[in-house]
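Colleague: Dropping in target09.txt, which is compact mmCIF, C-alpha atoms:
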```txt
# COMPACT_ATOMS: atom_id res chain seq x y z
CA MET A 19 102.63 115.18 98.22
CA THR A 20 105.89 114.86 96.32
CA ALA A 21 106.06 114.12 92.62
CA VAL A 22 109.38 113.00 91.21
CA VAL A 23 109.59 112.61 87.45
CA LEU A 24 112.80 111.67 85.71
CA SER A 25 111.51 110.65 82.32
CA LEU A 26 108.76 108.70 80.65
CA LEU A 27 109.99 106.22 78.10
CA SER A 28 107.16 104.51 76.28
CA THR A 29 108.81 102.40 73.62
CA VAL A 30 106.29 100.53 71.55
CA GLY A 31 107.13 97.95 68.91
CA PHE A 32 105.34 97.68 65.61
CA GLY A 33 104.10 94.12 66.13
CA GLY A 34 100.49 93.79 67.28
CA TYR A 35 101.32 92.23 70.63
CA GLU A 36 104.24 94.58 71.36
CA ALA A 37 102.17 97.62 70.42
CA VAL A 38 99.23 96.66 72.64
CA VAL A 39 101.38 95.70 75.62
CA GLY A 40 103.54 98.81 75.31
CA LEU A 41 100.55 101.12 75.33
CA ARG A 42 98.83 99.23 78.13
CA GLN A 43 101.96 99.25 80.29
CA ALA A 44 102.25 103.02 79.84
CA LYS A 45 98.63 103.30 80.95
CA SER A 46 99.35 101.10 83.98
CA ARG A 47 102.13 103.43 85.08
CA PHE A 48 99.85 106.46 84.88
CA ASP A 49 97.03 104.56 86.62
CA THR A 50 99.46 103.83 89.45
CA LEU A 51 100.33 107.49 89.80
CA GLU A 52 96.67 108.47 89.72
CA ALA A 53 95.74 105.89 92.36
CA ARG A 54 98.45 107.11 94.71
CA GLY A 55 97.29 110.68 94.18
CA ARG A 56 93.75 109.71 95.15
CA ALA A 57 95.00 107.96 98.27
CA GLU A 58 96.75 111.10 99.47
CA ALA A 59 93.96 113.52 98.54
CA PRO A 60 91.27 114.27 101.18
CA THR A 61 87.94 112.57 100.52
CA PRO A 62 84.78 114.72 100.90
CA SER A 63 82.74 113.90 103.98
CA GLY A 64 80.24 111.12 103.45
CA THR A 65 81.89 109.73 100.32
CA ALA A 66 84.36 106.94 99.69
CA ASP A 67 86.86 106.25 96.96
CA PRO A 68 85.64 102.97 95.39
CA SER A 69 89.19 101.97 94.42
CA ALA A 70 90.69 102.57 97.88
CA SER A 71 91.76 99.35 99.54
CA VAL A 72 89.67 98.49 102.58
CA ALA A 73 89.40 95.40 104.76
CA PRO A 74 87.11 92.70 103.36
CA SER A 75 83.79 92.21 105.12
CA PRO A 76 84.04 89.94 108.19
CA THR A 77 80.71 88.38 107.16
CA GLY A 78 82.06 87.11 103.86
CA PRO A 79 81.72 88.19 100.23
CA ARG A 80 78.88 90.53 99.32
CA ALA A 81 76.94 90.46 96.04
CA ALA A 82 76.83 93.59 93.91
CA THR A 83 73.49 94.43 92.31
CA TYR A 84 75.02 95.72 89.08
CA PRO A 85 77.53 94.27 86.58
CA ILE A 86 81.21 95.10 86.39
CA ARG A 87 81.63 98.27 84.35
CA THR A 88 85.04 99.72 85.19
CA GLY A 89 88.37 98.97 86.81
CA ASN A 90 87.04 100.45 90.05
CA ASP A 91 84.36 97.76 90.10
CA LEU A 92 87.03 95.10 89.62
CA ALA A 93 89.02 96.56 92.52
CA ARG A 94 86.05 95.99 94.82
CA VAL A 95 86.39 92.23 94.34
CA CYS A 96 89.58 92.52 96.39
CA ASP A 97 87.56 94.16 99.17
CA GLY A 98 84.94 91.46 99.54
CA TRP A 99 82.46 92.08 96.72
CA TYR A 100 81.47 89.81 93.84
CA TYR A 101 79.42 90.28 90.69
CA PRO A 102 76.87 87.53 89.95
CA LYS A 103 76.33 88.95 86.45
CA SER A 104 79.97 88.29 85.51
CA PRO A 105 80.90 85.20 83.46
CA LYS A 106 81.62 82.14 85.57
CA PHE A 107 85.11 80.65 85.87
CA THR A 108 84.30 77.68 83.70
CA GLY A 109 84.32 76.54 80.11
CA LYS A 110 87.05 76.83 77.52
CA ALA A 111 90.41 78.42 78.39
CA PRO A 112 91.86 80.99 78.48
CA HIS A 113 89.91 82.77 81.22
CA GLN A 114 90.22 86.56 81.27
CA ILE A 115 92.03 87.87 84.35
CA SER A 116 92.49 91.31 85.89
CA VAL A 117 95.14 92.16 88.49
CA GLY A 118 94.55 94.83 91.14
CA VAL A 119 97.66 96.16 92.88
CA VAL A 120 98.35 98.10 96.08
CA ASP A 121 102.05 98.95 96.06
CA SER A 122 102.40 101.72 98.65
CA ILE A 123 102.34 101.55 102.44
CA MET A 124 101.72 105.20 103.30
CA ALA A 125 99.29 105.90 100.43
CA PRO A 126 97.52 102.59 99.72
CA SER A 127 95.09 102.70 96.81
CA ARG A 128 94.37 99.91 94.36
CA HIS A 129 94.83 100.21 90.61
CA ILE A 130 94.00 97.60 87.99
CA MET A 131 96.96 96.68 85.82
CA ALA A 132 96.30 97.48 82.18
CA ALA A 133 98.33 94.44 81.05
CA VAL A 134 100.45 91.55 82.25
CA THR A 135 103.25 90.70 79.83
CA VAL A 136 103.26 86.98 79.06
CA PRO A 137 105.65 84.79 77.03
CA ASP A 138 102.87 83.13 75.00
CA VAL A 139 102.37 85.31 71.91
CA ARG A 140 99.25 83.53 70.67
CA GLU A 141 96.66 86.28 70.51
CA SER A 142 93.94 84.23 72.18
CA ILE A 143 96.26 83.77 75.17
CA TRP A 144 97.85 87.20 75.66
CA ARG A 145 94.53 88.97 75.25
CA ALA A 146 93.26 87.14 78.34
CA TRP A 147 95.90 89.06 80.33
CA ILE A 148 94.89 92.42 78.83
CA PRO A 149 91.39 93.11 80.20
CA ASP A 150 90.09 95.57 77.61
CA ASN A 151 86.51 94.77 78.61
CA PRO A 152 86.23 94.61 82.44
CA GLY A 153 82.79 93.00 82.19
CA LYS A 154 84.28 89.87 80.64
CA THR A 155 86.71 89.28 83.50
CA GLN A 156 86.33 85.89 85.16
CA LEU A 157 89.29 86.08 87.57
CA VAL A 158 90.52 88.93 89.75
CA ALA A 159 93.96 88.74 91.33
CA CYS A 160 94.71 91.04 94.27
CA LEU A 161 98.35 91.89 94.92
CA ASP A 162 98.91 93.83 98.15
CA LEU A 163 102.15 95.20 99.56
CA THR A 164 102.18 93.96 103.16
CA ARG A 165 105.57 95.06 104.47
CA ALA A 166 108.94 96.44 103.52
CA GLY A 167 112.27 94.72 103.92
CA ASN A 168 115.81 96.03 103.92
CA LYS A 169 116.98 98.86 101.73
CA VAL A 170 118.21 97.58 98.39
CA LYS A 171 119.49 100.77 96.76
CA SER A 172 118.96 104.50 96.39
CA CYS A 173 117.13 105.85 93.36
CA LYS A 174 118.22 109.33 92.30
CA TYR A 175 116.03 111.76 90.35
CA GLN A 176 116.78 115.22 89.00
CA ALA A 177 113.34 116.63 88.18
CA PRO A 178 111.47 118.58 89.28
CA GLN A 179 114.29 118.88 91.84
CA PRO A 180 117.18 116.63 92.90
CA GLN A 181 115.90 113.93 95.20
CA THR A 182 116.92 110.49 96.42
CA VAL A 183 114.33 107.83 97.27
CA ASP A 184 115.12 104.54 99.00
CA LEU A 185 114.16 101.34 97.20
CA LYS A 186 113.35 98.61 99.72
CA GLN A 187 112.55 94.95 99.36
CA GLY A 188 108.80 94.46 98.90
CA PHE A 189 106.75 91.63 100.38
CA TYR A 190 103.25 91.04 99.03
CA ARG A 191 100.14 88.95 99.48
CA LEU A 192 98.57 87.50 96.33
CA ARG A 193 94.91 86.45 96.35
CA LEU A 194 92.80 85.20 93.47
CA TYR A 195 89.00 85.31 93.28
CA GLU A 196 86.26 84.28 90.91
CA ALA A 197 84.55 87.56 90.00
CA ALA A 198 81.09 85.99 89.69
CA THR A 199 81.03 84.29 93.11
CA GLY A 200 83.77 85.77 95.28
CA ARG A 201 85.24 82.28 95.69
CA LYS A 202 88.88 82.44 96.77
CA LEU A 203 91.14 80.31 94.60
CA LEU A 204 94.61 81.29 95.83
CA ASP A 205 96.20 83.07 98.80
CA LYS A 206 99.96 83.12 99.17
CA PRO A 207 102.90 85.41 100.00
CA VAL A 208 105.10 86.72 97.18
CA THR A 209 108.41 88.58 97.27
CA GLY A 210 108.90 91.28 94.64
CA GLN A 211 111.85 90.47 92.37
CA ASP A 212 111.90 93.69 90.34
CA GLN A 213 114.49 95.90 92.04
CA LYS A 214 115.04 98.43 89.25
CA CYS A 215 114.57 102.14 89.88
CA PRO A 216 111.42 103.19 87.97
CA SER A 217 111.68 106.02 85.47
CA VAL A 218 108.57 107.70 86.90
CA VAL A 219 107.71 107.74 90.58
CA PHE A 220 105.07 109.34 92.76
CA VAL A 221 105.65 108.95 96.50
CA ALA A 222 104.17 110.43 99.65
CA PRO A 223 106.54 112.38 101.92
CA GLY A 224 108.56 109.90 103.96
CA ASP A 225 107.51 106.90 101.86
CA SER A 226 109.87 104.65 99.90
CA LEU A 227 109.87 102.66 96.70
CA TYR A 228 109.43 98.90 96.99
CA GLY A 229 110.62 96.01 94.89
CA GLU A 230 107.72 95.09 92.61
CA VAL A 231 106.37 91.70 91.63
CA GLU A 232 107.40 91.11 88.03
CA ASP A 233 104.97 90.14 85.31
CA SER A 234 106.85 86.87 84.90
CA GLN A 235 106.12 86.04 88.55
CA LEU A 236 102.42 86.77 88.12
CA TYR A 237 102.33 84.66 84.98
CA GLU A 238 103.91 81.64 86.66
CA LEU A 239 101.64 81.91 89.71
CA LEU A 240 98.39 82.47 87.82
CA LYS A 241 98.72 80.74 84.44
CA GLY A 242 97.36 77.46 85.80
CA PHE A 243 94.05 79.21 86.51
CA VAL A 244 93.93 81.24 83.30
CA MET A 245 94.55 78.09 81.25
CA LYS A 246 92.41 75.74 83.30
CA LYS A 247 90.13 73.56 81.15
CA GLY A 248 86.44 73.29 81.82
```
Write the structure described by the file as structure tokens, please.
Modeller:
Amino acid sequence: MTAVVLSLLSTVGFGGYEAVVGLRQAKSRFDTLEARGRAEAPTPSGTADPSASVAPSPTGPRAATYPIRTGNDLARVCDGWYYPKSPKFTGKAPHQISVGVVDSIMAPSRHIMAAVTVPDVRESIWRAWIPDNPGKTQLVACLDLTRAGNKVKSCKYQAPQPQTVDLKQGFYRLRLYEAATGRKLLDKPVTGQDQKCPSVVFVAPGDSLYGEVEDSQLYELLKGFVMKKG
């Protein structure tokens, strides 16, 4: 396992929205690192990492017998589970959404984004994209890196030792499910448009960085569901 850390810049504004999003984005970055670490670590015999990405059941969605409690429970929706005790995707908008991401090929493990930055600064709207309470989530989006494209650039880091990591074009699959029923609402390919070198990276030996799907892309693809009436 190779950890490359250049710097961690968590700049948070003083406005309510900026403060919440800044803190949640910092948490997302650390959740990503933690998820990749779990994917590379050996799992004790007879146990399974509940947030590890596995193939959905060939027999269709399976009902969980308990309510959603954590981000790991949300991640299981992407693997073919649903939670009948969750609120239905109906009623007044906005509908709370959580996004689970797998963004590594060699060390795939899903993490739930702590926030999706949106242009609508009305509190009732942006809070729907910041799932503070997982149990209130109605929609679960699953964003999976499916393949890498050509090399875009080299990202250079100095700590803990000089290292260069390739940044390649990232191609993803985006699915959207109703948490309460497992009903699939969307399934489409997406190309990551964010081709900036991240300030903090955690990569397996021989792995690369991949262009990420930007929050603005997620917003445009998913806002119609979050804001759907009745």
Colleague: Pick from A:Ala197, A:Cys173, A:Leu192, A:Thr182: nearest to Ala93 of chain A, with all atoms listed in the file counted?
Modeller: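 Using all atoms listed in the file, Ala93 of chain A sits closest to A:Ala197.
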Colleague: Need the shell around Pro216 of chain A: protein/DNA/RNA residues with any atom at most 9 Å away, counting all atoms listed in the file. Skip same-chain ones fewer than 2 positions apart. Format as a short mmCIF file (atom, residue, chain, number, x, y, z; two decimals) with C-alpha atoms, in the frame of the given file?
Modeller:
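The resulting file, around-v2.cif, is reproduced below:
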```cif
data_model
loop_
_atom_site.label_atom_id
_atom_site.label_comp_id
_atom_site.auth_asym_id
_atom_site.auth_seq_id
_atom_site.Cartn_x
_atom_site.Cartn_y
_atom_site.Cartn_z
CA LEU A 24 112.80 111.67 85.71
CA CYS A 173 117.13 105.85 93.36
CA GLN A 213 114.49 95.90 92.04
CA LYS A 214 115.04 98.43 89.25
CA VAL A 218 108.57 107.70 86.90
CA VAL A 219 107.71 107.74 90.58
CA LEU A 227 109.87 102.66 96.70
#
```
Colleague: For the atom pair atom CA of Gly118 of chain A and atom CA of Arg193 of chain A, what is the interatomic distance in Å to one decimal place?
Modeller: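 Result for atom CA of Gly118 of chain A versus atom CA of Arg193 of chain A: 9.9 Å, one decimal.
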Colleague: Distance table requested - segment 154-201 of chain A against segment 121-134 of chain A, cut-off 10 Å, all atoms listed in the file: one row per qualifying residue with the closest atom pair and its distance in Å to one decimal, ordered by chain and rising residue number, as CSV.
Modeller:
```
residue,atom,partner,partner_atom,distance
A:Val158,CA,A:Ile130,CA,9.5
A:Ala159,CA,A:Ile130,CA,9.5
A:Cys160,CA,A:Arg128,CA,8.9
A:Leu161,CA,A:Asp121,CA,8.1
A:Asp162,CA,A:Asp121,CA,6.4
A:Leu163,CA,A:Asp121,CA,5.1
A:Thr164,CA,A:Ile123,CA,7.6
A:Arg165,CA,A:Ile123,CA,7.5
A:Ala166,CA,A:Ile123,CA,8.4
A:Gly188,CA,A:Asp121,CA,8.6
A:Phe189,CA,A:Asp121,CA,9.7
A:Tyr190,CA,A:Asp121,CA,8.5
```
Colleague: May I ask which of the residues A:Asn168, A:Gln235, A:Ser104, A:Gln181 is the closest one to Val136 of chain A, counting only C-alpha atoms?
Modeller: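 Ranked by minimum distance to Val136 of chain A, first place goes to A:Gln235.
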Colleague: As number ranges by chain, please: the residues near Lys169 of chain A (cut-off 7 Å, all atoms listed in the file, same-chain neighbours under 5 positions excluded).
Modeller: A: 184-187
Colleague: Given all atoms listed in the file as the basis, pick out the residue of A:Met245, A:Ala198, A:Leu240, A:Leu204 nearest to Tyr84 of chain A.
Modeller: A:Ala198
Colleague: Quick one: residues within 7 Å of Pro79 of chain A, all atoms listed in the file counted, chain neighbours fewer than 6 positions away excluded, as a list of chain:residue names?
Modeller: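 The contact residues come out as A:Gly98, A:Trp99, A:Tyr100, A:Gly200.
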